[in-house]
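Here's target-v9.cif, which has mmCIF, C-alpha atoms:
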data_target
#
loop_
_atom_site.label_atom_id
_atom_site.label_comp_id
_atom_site.auth_asym_id
_atom_site.auth_seq_id
_atom_site.Cartn_x
_atom_site.Cartn_y
_atom_site.Cartn_z
CA MET A 11 -48.59 -10.86 -26.07
CA GLN A 12 -47.31 -7.48 -27.06
CA TYR A 13 -49.42 -4.64 -28.31
CA ALA A 14 -48.90 -3.73 -31.97
CA ARG A 15 -45.52 -1.97 -32.16
CA PRO A 16 -46.72 1.62 -32.78
CA LEU A 17 -49.15 1.28 -29.87
CA ALA A 18 -46.47 -0.13 -27.56
CA GLU A 19 -44.17 2.73 -28.59
CA LEU A 20 -46.85 5.34 -27.86
CA ILE A 21 -47.53 3.81 -24.43
CA ALA A 22 -43.78 3.81 -23.67
CA GLN A 23 -43.47 7.48 -24.62
CA LEU A 24 -46.53 8.52 -22.60
CA GLU A 25 -45.27 6.61 -19.54
CA ARG A 26 -42.23 8.86 -19.44
CA LEU A 27 -44.37 11.91 -18.66
CA PRO A 28 -44.59 12.99 -15.01
CA GLY A 29 -47.63 11.60 -13.19
CA VAL A 30 -48.43 9.12 -15.96
CA GLY A 31 -48.12 5.48 -14.80
CA PRO A 32 -48.38 2.34 -16.97
CA LYS A 33 -52.19 2.17 -16.59
CA SER A 34 -52.84 5.80 -17.47
CA ALA A 35 -50.37 5.61 -20.37
CA GLN A 36 -52.36 2.66 -21.71
CA ARG A 37 -55.67 4.47 -21.29
CA LEU A 38 -54.35 7.63 -22.91
CA ALA A 39 -52.95 5.62 -25.82
CA PHE A 40 -56.27 3.89 -26.51
CA HIS A 41 -57.97 7.26 -26.25
CA VAL A 42 -55.59 8.59 -28.91
CA LEU A 43 -56.55 5.69 -31.21
CA ARG A 44 -60.21 6.68 -30.83
CA MET A 45 -59.57 10.42 -31.40
CA PRO A 46 -60.22 11.91 -34.87
CA GLU A 47 -56.95 12.00 -36.82
CA ASP A 48 -57.09 15.81 -37.06
CA ASP A 49 -57.12 16.10 -33.27
CA VAL A 50 -54.16 13.73 -32.93
CA ARG A 51 -52.27 15.71 -35.56
CA ARG A 52 -53.01 18.94 -33.69
CA LEU A 53 -51.76 17.48 -30.39
CA SER A 54 -48.69 15.99 -32.05
CA GLU A 55 -47.80 19.25 -33.76
CA SER A 56 -48.44 21.41 -30.70
CA LEU A 57 -45.86 19.36 -28.78
CA ILE A 58 -43.08 19.85 -31.25
CA THR A 59 -44.07 23.43 -32.10
CA ALA A 60 -44.05 24.47 -28.45
CA LYS A 61 -40.68 22.82 -27.93
CA ARG A 62 -39.10 24.29 -31.10
CA SER A 63 -40.53 27.80 -31.12
CA LEU A 64 -40.18 28.76 -27.48
CA GLN A 65 -37.08 30.15 -25.84
CA LEU A 66 -36.29 32.04 -22.66
CA CYS A 67 -36.71 35.83 -22.73
CA SER A 68 -33.20 37.29 -22.69
CA ILE A 69 -34.24 39.73 -19.96
CA CYS A 70 -36.61 38.01 -17.52
CA GLN A 71 -36.05 34.34 -18.51
CA ASN A 72 -39.78 33.79 -18.99
CA VAL A 73 -40.89 31.40 -21.73
CA SER A 74 -41.18 33.46 -24.91
CA GLU A 75 -41.60 33.20 -28.67
CA ALA A 76 -39.17 36.05 -29.29
CA ASP A 77 -35.87 37.18 -27.79
CA ARG A 78 -37.87 39.48 -25.50
CA CYS A 79 -41.16 38.34 -24.00
CA GLU A 80 -44.43 40.26 -24.24
CA LEU A 81 -44.17 41.44 -20.64
CA CYS A 82 -40.67 42.88 -21.00
CA ASN A 83 -41.75 44.50 -24.28
CA ASP A 84 -44.88 46.10 -22.78
CA PRO A 85 -44.22 49.90 -22.51
CA ARG A 86 -47.00 50.24 -19.90
CA ARG A 87 -45.05 48.14 -17.41
CA SER A 88 -42.63 49.85 -15.04
CA GLY A 89 -39.04 48.66 -14.85
CA ASP A 90 -38.40 49.94 -11.31
CA VAL A 91 -39.89 46.91 -9.56
CA ILE A 92 -38.92 43.33 -10.39
CA CYS A 93 -40.94 40.41 -9.06
CA VAL A 94 -38.83 37.27 -8.72
CA VAL A 95 -40.62 33.93 -9.19
CA ALA A 96 -39.46 30.33 -9.31
CA GLU A 97 -41.27 29.17 -12.47
CA PRO A 98 -42.93 30.73 -15.53
CA ARG A 99 -46.34 29.49 -14.35
CA ASP A 100 -45.99 31.66 -11.23
CA ILE A 101 -46.08 34.72 -13.50
CA ALA A 102 -49.55 33.65 -14.63
CA ALA A 103 -50.63 33.40 -10.96
CA MET A 104 -49.38 36.96 -10.29
CA GLU A 105 -50.88 38.36 -13.49
CA ARG A 106 -54.32 37.03 -12.61
CA LEU A 107 -54.35 39.63 -9.79
CA ASN A 108 -54.30 42.52 -12.28
CA GLU A 109 -52.41 44.44 -9.63
CA PHE A 110 -48.68 44.24 -10.28
CA ARG A 111 -47.41 46.45 -13.11
CA GLY A 112 -43.67 45.91 -12.78
CA LEU A 113 -41.47 43.33 -14.51
CA TYR A 114 -40.66 39.74 -13.60
CA HIS A 115 -37.65 37.52 -13.24
CA VAL A 116 -37.92 33.73 -13.45
CA LEU A 117 -35.33 31.76 -11.46
CA HIS A 118 -36.30 28.38 -12.99
CA GLY A 119 -36.17 26.61 -9.66
CA LEU A 120 -35.34 27.23 -6.01
CA LEU A 121 -32.16 26.71 -4.03
CA ASN A 122 -31.97 23.14 -2.81
CA PRO A 123 -28.51 22.11 -1.61
CA MET A 124 -29.72 18.54 -0.94
CA ASP A 125 -30.48 18.13 -4.65
CA GLY A 126 -27.34 19.97 -5.69
CA ILE A 127 -29.23 23.09 -6.83
CA GLY A 128 -27.14 26.13 -6.01
CA PRO A 129 -27.26 29.71 -7.37
CA GLU A 130 -25.36 28.61 -10.51
CA GLN A 131 -28.21 26.27 -11.46
CA LEU A 132 -30.73 29.13 -11.24
CA LYS A 133 -31.04 32.40 -13.19
CA VAL A 134 -29.47 34.38 -10.33
CA ARG A 135 -26.60 35.92 -12.30
CA GLU A 136 -29.12 37.15 -14.87
CA LEU A 137 -31.17 38.76 -12.07
CA VAL A 138 -28.19 40.55 -10.55
CA SER A 139 -27.15 41.87 -13.97
CA ARG A 140 -30.55 43.59 -14.27
CA LEU A 141 -30.12 45.53 -11.02
CA VAL A 142 -27.71 48.13 -12.40
CA GLU A 143 -30.41 49.97 -14.36
CA GLY A 144 -32.39 51.95 -11.79
CA VAL A 145 -34.36 49.18 -10.15
CA ASP A 146 -35.87 50.37 -6.82
CA GLU A 147 -37.35 47.19 -5.45
CA VAL A 148 -37.12 43.44 -5.86
CA ILE A 149 -40.23 41.55 -4.69
CA ILE A 150 -39.40 37.93 -3.97
CA ALA A 151 -42.47 35.82 -4.72
CA THR A 152 -41.15 32.36 -4.02
CA ASN A 153 -43.34 29.67 -2.42
CA PRO A 154 -43.47 29.75 1.43
CA THR A 155 -41.58 26.45 1.65
CA VAL A 156 -38.12 25.62 2.98
CA GLU A 157 -36.60 26.03 -0.49
CA GLY A 158 -38.59 29.21 -1.13
CA ASP A 159 -37.46 30.71 2.20
CA THR A 160 -33.83 29.71 1.62
CA THR A 161 -33.87 31.26 -1.82
CA ALA A 162 -35.51 34.47 -0.56
CA PHE A 163 -32.95 34.99 2.19
CA TYR A 164 -30.08 34.15 -0.12
CA LEU A 165 -31.28 36.70 -2.70
CA ALA A 166 -31.90 39.36 -0.02
CA LYS A 167 -28.35 39.00 1.24
CA LEU A 168 -27.04 39.23 -2.32
CA ILE A 169 -29.16 42.16 -3.50
CA LYS A 170 -29.41 44.50 -0.49
CA PRO A 171 -25.71 45.52 -0.66
CA LEU A 172 -26.46 46.81 -4.19
CA GLY A 173 -28.76 49.44 -2.64
CA VAL A 174 -31.97 47.84 -3.89
CA LYS A 175 -34.93 47.34 -1.53
CA VAL A 176 -35.83 43.66 -1.19
CA THR A 177 -39.36 42.65 -0.14
CA ARG A 178 -41.18 39.38 0.03
CA LEU A 179 -44.81 38.35 -0.38
CA ALA A 180 -46.50 38.38 3.05
CA HIS A 181 -47.31 35.05 4.63
CA GLY A 182 -50.97 35.10 3.83
CA MET A 183 -50.65 31.83 2.00
CA PRO A 184 -50.87 28.54 3.88
CA VAL A 185 -47.32 27.55 4.86
CA GLY A 186 -46.13 24.62 2.77
CA GLY A 187 -48.56 25.56 -0.01
CA GLU A 188 -47.73 26.44 -3.56
CA LEU A 189 -48.03 29.89 -5.11
CA ASP A 190 -49.47 28.36 -8.23
CA TYR A 191 -52.48 26.99 -6.29
CA ALA A 192 -53.25 30.04 -4.11
CA ASP A 193 -56.63 31.74 -4.61
CA THR A 194 -56.68 35.34 -5.82
CA ALA A 195 -57.75 36.90 -2.48
CA THR A 196 -54.99 35.14 -0.54
CA LEU A 197 -52.35 36.05 -3.08
CA LEU A 198 -53.61 39.65 -3.24
CA SER A 199 -53.27 40.13 0.53
CA ALA A 200 -49.85 38.49 0.39
CA LEU A 201 -48.81 41.06 -2.22
CA GLU A 202 -50.27 43.97 -0.22
CA TYR A 203 -48.49 43.05 3.03
CA ARG A 204 -45.16 42.17 1.47
CA ARG A 205 -42.37 42.97 3.92
CA GLU A 206 -38.77 44.00 3.62
CA ILE A 207 -36.24 41.28 4.47
CA MET B 7 -51.46 37.72 -19.21
CA GLN B 8 -51.50 34.90 -21.71
CA TYR B 9 -48.81 32.29 -22.10
CA ALA B 10 -46.83 32.51 -25.32
CA ARG B 11 -49.14 31.22 -28.09
CA PRO B 12 -47.45 27.83 -28.79
CA LEU B 13 -47.46 27.12 -25.05
CA ALA B 14 -51.13 28.08 -24.67
CA GLU B 15 -51.97 25.89 -27.67
CA LEU B 16 -50.09 22.92 -26.18
CA ILE B 17 -51.89 23.35 -22.85
CA ALA B 18 -55.24 23.51 -24.66
CA GLN B 19 -54.51 20.30 -26.57
CA LEU B 20 -53.32 18.43 -23.47
CA GLU B 21 -56.41 19.52 -21.52
CA ARG B 22 -58.61 17.66 -23.99
CA LEU B 23 -57.13 14.31 -22.93
CA PRO B 24 -59.13 12.23 -20.44
CA GLY B 25 -58.08 12.73 -16.83
CA VAL B 26 -55.97 15.80 -17.64
CA GLY B 27 -57.31 18.96 -15.98
CA PRO B 28 -56.07 22.55 -16.49
CA LYS B 29 -53.40 22.21 -13.78
CA SER B 30 -51.94 18.93 -15.03
CA ALA B 31 -52.06 20.18 -18.62
CA GLN B 32 -49.98 23.16 -17.51
CA ARG B 33 -47.52 20.98 -15.63
CA LEU B 34 -47.19 18.55 -18.53
CA ALA B 35 -46.64 21.44 -20.95
CA PHE B 36 -43.83 22.93 -18.87
CA HIS B 37 -42.34 19.46 -18.56
CA VAL B 38 -42.36 19.20 -22.36
CA LEU B 39 -40.47 22.52 -22.61
CA ARG B 40 -37.79 21.09 -20.32
CA MET B 41 -37.52 17.76 -22.18
CA PRO B 42 -34.70 17.23 -24.72
CA GLU B 43 -35.99 18.05 -28.21
CA ASP B 44 -35.33 14.46 -29.36
CA ASP B 45 -37.67 13.12 -26.68
CA VAL B 46 -40.40 15.57 -27.62
CA ARG B 47 -40.02 14.62 -31.28
CA ARG B 48 -40.31 10.93 -30.37
CA LEU B 49 -43.48 11.53 -28.34
CA SER B 50 -44.96 13.73 -31.05
CA GLU B 51 -44.23 11.18 -33.77
CA SER B 52 -45.44 8.21 -31.76
CA LEU B 53 -48.84 9.88 -31.40
CA ILE B 54 -49.38 10.39 -35.10
CA THR B 55 -47.71 7.10 -36.09
CA ALA B 56 -49.91 5.10 -33.75
CA LYS B 57 -53.01 6.86 -35.02
CA ARG B 58 -52.08 6.51 -38.71
CA SER B 59 -50.60 3.02 -38.83
CA LEU B 60 -53.05 1.12 -36.68
CA GLN B 61 -56.33 -0.38 -37.83
CA LEU B 62 -58.73 -2.99 -36.55
CA CYS B 63 -57.95 -6.63 -37.39
CA SER B 64 -60.51 -7.71 -39.98
CA ILE B 65 -61.17 -10.91 -38.02
CA CYS B 66 -61.05 -10.19 -34.30
CA GLN B 67 -61.27 -6.34 -34.34
CA ASN B 68 -58.15 -6.05 -32.18
CA VAL B 69 -55.82 -3.08 -32.80
CA SER B 70 -53.38 -4.18 -35.49
CA GLU B 71 -50.72 -2.91 -37.88
CA ALA B 72 -51.90 -5.22 -40.66
CA ASP B 73 -55.26 -6.39 -41.97
CA ARG B 74 -54.92 -9.45 -39.71
CA CYS B 75 -53.46 -9.10 -36.22
CA GLU B 76 -50.57 -11.19 -34.90
CA LEU B 77 -52.89 -13.30 -32.75
CA CYS B 78 -55.22 -14.24 -35.62
CA ASN B 79 -52.15 -14.96 -37.77
CA ASP B 80 -50.51 -17.22 -35.17
CA PRO B 81 -50.78 -20.84 -36.44
CA ARG B 82 -50.24 -22.18 -32.89
CA ARG B 83 -53.53 -20.70 -31.72
CA SER B 84 -56.67 -22.75 -31.99
CA GLY B 85 -59.70 -21.34 -33.78
CA ASP B 86 -62.28 -23.50 -31.99
CA VAL B 87 -62.54 -21.25 -28.92
CA ILE B 88 -63.16 -17.50 -29.13
CA CYS B 89 -62.76 -15.29 -26.08
CA VAL B 90 -64.93 -12.17 -26.30
CA VAL B 91 -63.62 -9.04 -24.58
CA ALA B 92 -64.83 -5.45 -24.38
CA GLU B 93 -61.58 -3.63 -25.21
CA PRO B 94 -58.20 -4.40 -26.85
CA ARG B 95 -56.46 -3.88 -23.49
CA ASP B 96 -58.45 -6.81 -22.06
CA ILE B 97 -56.62 -9.09 -24.50
CA ALA B 98 -53.35 -8.09 -22.82
CA ALA B 99 -54.84 -9.00 -19.41
CA MET B 100 -55.84 -12.46 -20.71
CA GLU B 101 -52.52 -13.05 -22.48
CA ARG B 102 -50.57 -12.34 -19.30
CA LEU B 103 -52.04 -15.63 -17.96
CA ASN B 104 -50.19 -17.65 -20.61
CA GLU B 105 -53.11 -20.08 -20.42
CA PHE B 106 -55.60 -19.35 -23.16
CA ARG B 107 -54.57 -20.52 -26.64
CA GLY B 108 -57.71 -19.73 -28.62
CA LEU B 109 -58.62 -16.58 -30.52
CA TYR B 110 -60.20 -13.33 -29.37
CA HIS B 111 -62.97 -11.02 -30.39
CA VAL B 112 -63.06 -7.37 -29.31
CA LEU B 113 -66.51 -5.81 -28.95
CA HIS B 114 -65.17 -2.24 -28.50
CA GLY B 115 -67.55 -1.49 -25.69
CA LEU B 116 -70.40 -3.03 -23.73
CA LEU B 117 -74.16 -2.79 -24.14
CA ASN B 118 -75.45 0.29 -22.37
CA PRO B 119 -78.97 1.27 -23.39
CA MET B 120 -78.86 4.37 -21.14
CA ASP B 121 -75.97 5.74 -23.24
CA GLY B 122 -77.56 4.57 -26.49
CA ILE B 123 -75.06 1.75 -26.98
CA GLY B 124 -76.85 -1.20 -28.56
CA PRO B 125 -75.51 -4.24 -30.47
CA GLU B 126 -75.13 -2.11 -33.63
CA GLN B 127 -72.59 0.13 -31.89
CA LEU B 128 -70.48 -2.92 -30.94
CA LYS B 129 -68.67 -5.51 -33.08
CA VAL B 130 -71.46 -8.06 -32.54
CA ARG B 131 -72.28 -8.70 -36.20
CA GLU B 132 -68.58 -9.39 -36.83
CA LEU B 133 -68.59 -11.92 -33.97
CA VAL B 134 -71.64 -13.78 -35.23
CA SER B 135 -70.17 -13.97 -38.73
CA ARG B 136 -67.18 -15.87 -37.28
CA LEU B 137 -69.34 -18.60 -35.75
CA VAL B 138 -70.06 -20.47 -38.97
CA GLU B 139 -66.57 -21.97 -39.22
CA GLY B 140 -66.44 -24.77 -36.65
CA VAL B 141 -66.22 -22.76 -33.45
CA ASP B 142 -67.00 -24.95 -30.41
CA GLU B 143 -67.06 -22.44 -27.60
CA VAL B 144 -67.37 -18.71 -27.01
CA ILE B 145 -65.92 -17.55 -23.67
CA ILE B 146 -67.40 -14.22 -22.67
CA ALA B 147 -64.80 -12.30 -20.70
CA THR B 148 -66.61 -9.04 -20.05
CA ASN B 149 -66.23 -7.17 -16.77
CA PRO B 150 -68.52 -8.33 -13.92
CA THR B 151 -70.47 -5.07 -14.01
CA VAL B 152 -74.08 -4.32 -14.99
CA GLU B 153 -73.02 -3.57 -18.57
CA GLY B 154 -70.74 -6.63 -18.68
CA ASP B 155 -73.53 -8.90 -17.39
CA THR B 156 -76.08 -7.43 -19.81
CA THR B 157 -73.72 -7.94 -22.73
CA ALA B 158 -72.90 -11.53 -21.67
CA PHE B 159 -76.56 -12.55 -21.43
CA TYR B 160 -77.40 -10.81 -24.68
CA LEU B 161 -74.60 -12.64 -26.50
CA ALA B 162 -75.50 -16.00 -24.91
CA LYS B 163 -79.09 -15.67 -26.13
CA LEU B 164 -77.84 -14.76 -29.59
CA ILE B 165 -75.15 -17.43 -29.93
CA LYS B 166 -76.59 -20.53 -28.24
CA PRO B 167 -79.23 -21.09 -30.97
CA LEU B 168 -76.30 -21.38 -33.41
CA GLY B 169 -75.22 -24.57 -31.57
CA VAL B 170 -72.11 -22.98 -30.02
CA LYS B 171 -71.36 -23.47 -26.31
CA VAL B 172 -71.27 -20.14 -24.46
CA THR B 173 -69.32 -19.82 -21.20
CA ARG B 174 -68.39 -16.91 -19.04
CA LEU B 175 -65.42 -16.17 -16.78
CA ALA B 176 -66.27 -17.35 -13.26
CA HIS B 177 -66.97 -14.72 -10.66
CA GLY B 178 -63.65 -14.90 -8.94
CA MET B 179 -63.10 -11.23 -9.51
CA PRO B 180 -64.51 -8.67 -7.08
CA VAL B 181 -67.94 -7.70 -8.39
CA GLY B 182 -67.92 -4.19 -9.81
CA GLY B 183 -64.19 -4.48 -10.54
CA GLU B 184 -62.51 -4.19 -13.90
CA LEU B 185 -60.93 -7.06 -15.84
CA ASP B 186 -58.04 -4.85 -16.76
CA TYR B 187 -57.08 -4.38 -13.09
CA ALA B 188 -57.49 -7.97 -11.87
CA ASP B 189 -54.40 -9.78 -10.60
CA THR B 190 -53.23 -12.89 -12.45
CA ALA B 191 -54.30 -15.41 -9.77
CA THR B 192 -57.85 -14.04 -9.60
CA LEU B 193 -58.20 -13.94 -13.35
CA LEU B 194 -56.73 -17.44 -13.70
CA SER B 195 -59.29 -18.95 -11.29
CA ALA B 196 -62.03 -17.03 -13.06
CA LEU B 197 -60.92 -18.62 -16.32
CA GLU B 198 -60.72 -22.11 -14.78
CA TYR B 199 -64.21 -22.00 -13.27
CA ARG B 200 -65.92 -20.41 -16.23
CA ARG B 201 -69.50 -21.63 -16.40
CA GLU B 202 -71.98 -22.20 -19.16
CA ILE B 203 -74.74 -19.61 -19.41
#
Please express the file's structure as structure tokens.
Amino acid sequence: MQYARPLAELIAQLERLPGVGPKSAQRLAFHVLRMPEDDVRRLSESLITAKRSLQLCSICQNVSEADRCELCNDPRRSGDVICVVAEPRDIAAMERLNEFRGLYHVLHGLLNPMDGIGPEQLKVRELVSRLVEGVDEVIIATNPTVEGDTTAFYLAKLIKPLGVKVTRLAHGMPVGGELDYADTATLLSALEYRREI
Amino acid sequence: MQYARPLAELIAQLERLPGVGPKSAQRLAFHVLRMPEDDVRRLSESLITAKRSLQLCSICQNVSEADRCELCNDPRRSGDVICVVAEPRDIAAMERLNEFRGLYHVLHGLLNPMDGIGPEQLKVRELVSRLVEGVDEVIIATNPTVEGDTTAFYLAKLIKPLGVKVTRLAHGMPVGGELDYADTATLLSALEYRREI
């Protein structure tokens, strides 16, 4: 016996999401059937609206509604320090500190030769092109993992010859952990003790 | 720092789903941004289509595209045995056996006085109204939990005076387990050794 077609289709679509297996897809689908129609409409629309209305900021490559994101547009932020992160969500982790007032650059991944991810697959060229305009320091805030370390050393080697200081978040975070999950105190001390590489 | 508004809205909507916390909502949202637009459109549409096009079968209360579901419409199925289940997904578990050829009835829940769920909150009246038309047996296939047991005994007391045999799936399943998760062999033996109550 098959589920009614629209239900089977919904389960199939939900199963394609990361971390959603057949059982959770089924449970989510039945939950959707029990939700008020207005809530389902809101969820449905937010999916397509987010996908259609968001782009990458032409400067820092963060997710943005406009050509330039709010952070790059903020006149109170200083352009002489750029903090390099792997993913847009890492910006949120840094911003929760209320400490860093420079700009960001999102790589959209980390170097991983095993998976065929080299500098061309990341926003490295876009980062280098920003370093001609009086940038004093690049803080590399990648996760303290093999890929994060590889990426940090690769970027340091690339950027230092341009006369820009390259620092990295101090190892205050548990090795193998993820930036996105670090608590504020840990991340704050990691920012404070960042070291030149 | 806030995420761009459409992204924040998507995260908020995803967080309202069962089993989706703030972190997974965020991860799902960023996954959506990386998905091809066609896939996002398909997911978005399947949500609203499932919600809008599905109703409850007027006979068995299963999820259905039409007024009568495919199972109730199937002339090869016999109307003299009705298998009572808690949720529509339990029908799928029974149908995987390829053994039962009668009809179903979905209660949409189980009795739970602590949560204020009495017979009026379930499709009990709809079940009783089906028992006037030459039904020989009602198989109660509720989970072997406190609520499942309570519901089974309540229904037996209600239905037996109507001259209909009431049986229940044998305890072959681990007590406290869920019908929906049982393997086929266990469920098959539970069906075979169903006993009158």
>> Could you tell me, as a list in words, exactly which residues end up selected when the PyMOL selection byres ((chain A) within 7 of (chain B)) is applied to this structure?
In response: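 That expression, the PyMOL selection byres ((chain A) within 7 of (chain B)), corresponds here to Met11, Ala14, Pro16, Leu17, Glu19, Leu20, Gln23, Val42, Leu43, Glu47, Val50, Arg51, Leu53, Ser54, Glu55, Ser56, Leu57, Ile58, Thr59, Ala60, Lys61, Ser74, Glu75, Ala102 and Glu105 of chain A.
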> Applied to this file, what does the PyMOL selection byres ((chain B and resi 92) around 10) return in terms of residues, put as a list of chain:residue names?
Replying inline: B:Val90, B:Val91, B:Glu93, B:Pro94, B:Arg95, B:Asp96, B:Ile97, B:His111, B:Val112, B:Leu113, B:His114, B:Gly115, B:Leu116, B:Leu117, B:Leu128, B:Lys129, B:Ile146, B:Ala147, B:Thr148, B:Asn149, B:Gly154, B:Thr157, B:Leu185
>> Show me, as a PyMOL selection string, the residues that have an atom within 12 Å of Val91 (chain A) when counting only C-alpha atoms, minus same-chain residues fewer than 2 positions from it.
In response: chain A and resi 87-89+93-94+110-115+140-141+143-150+174-177
>> Just to confirm, what's the straight-line distance from CA of Ala192 (chain A) to CA of Tyr164 (chain A) in Å (one decimal)?
In response: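 These two atoms are separated by 23.9 Å.
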>> To one decimal place in Å, what is the distance between CA of Pro119 (chain B) and CA of Val138 (chain B)?
In response: 28.2 Å
> CA of Asn79 (chain B) and CA of Gln67 (chain B), how far apart in Å?
Replying inline: 13.0 Å
>> So, with only C-alpha atoms as the atoms that count, which of A:Leu66, A:Val138, A:Ile92, A:Met124 lies closest to Ile169 (chain A)?
In response: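 The answer is A:Val138, which sits nearest to Ile169 (chain A).
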Once you add 8 Å to each side, what are the centre and edge lengths of the axis-aligned box holding all listed atoms of region 79-88 of chain A? One decimal in Å, as lines of an AutoDock Vina configuration file, if you can.
center_x = -43.8
center_y = 44.3
center_z = -19.7
size_x = 22.3
size_y = 27.9
size_z = 25.2
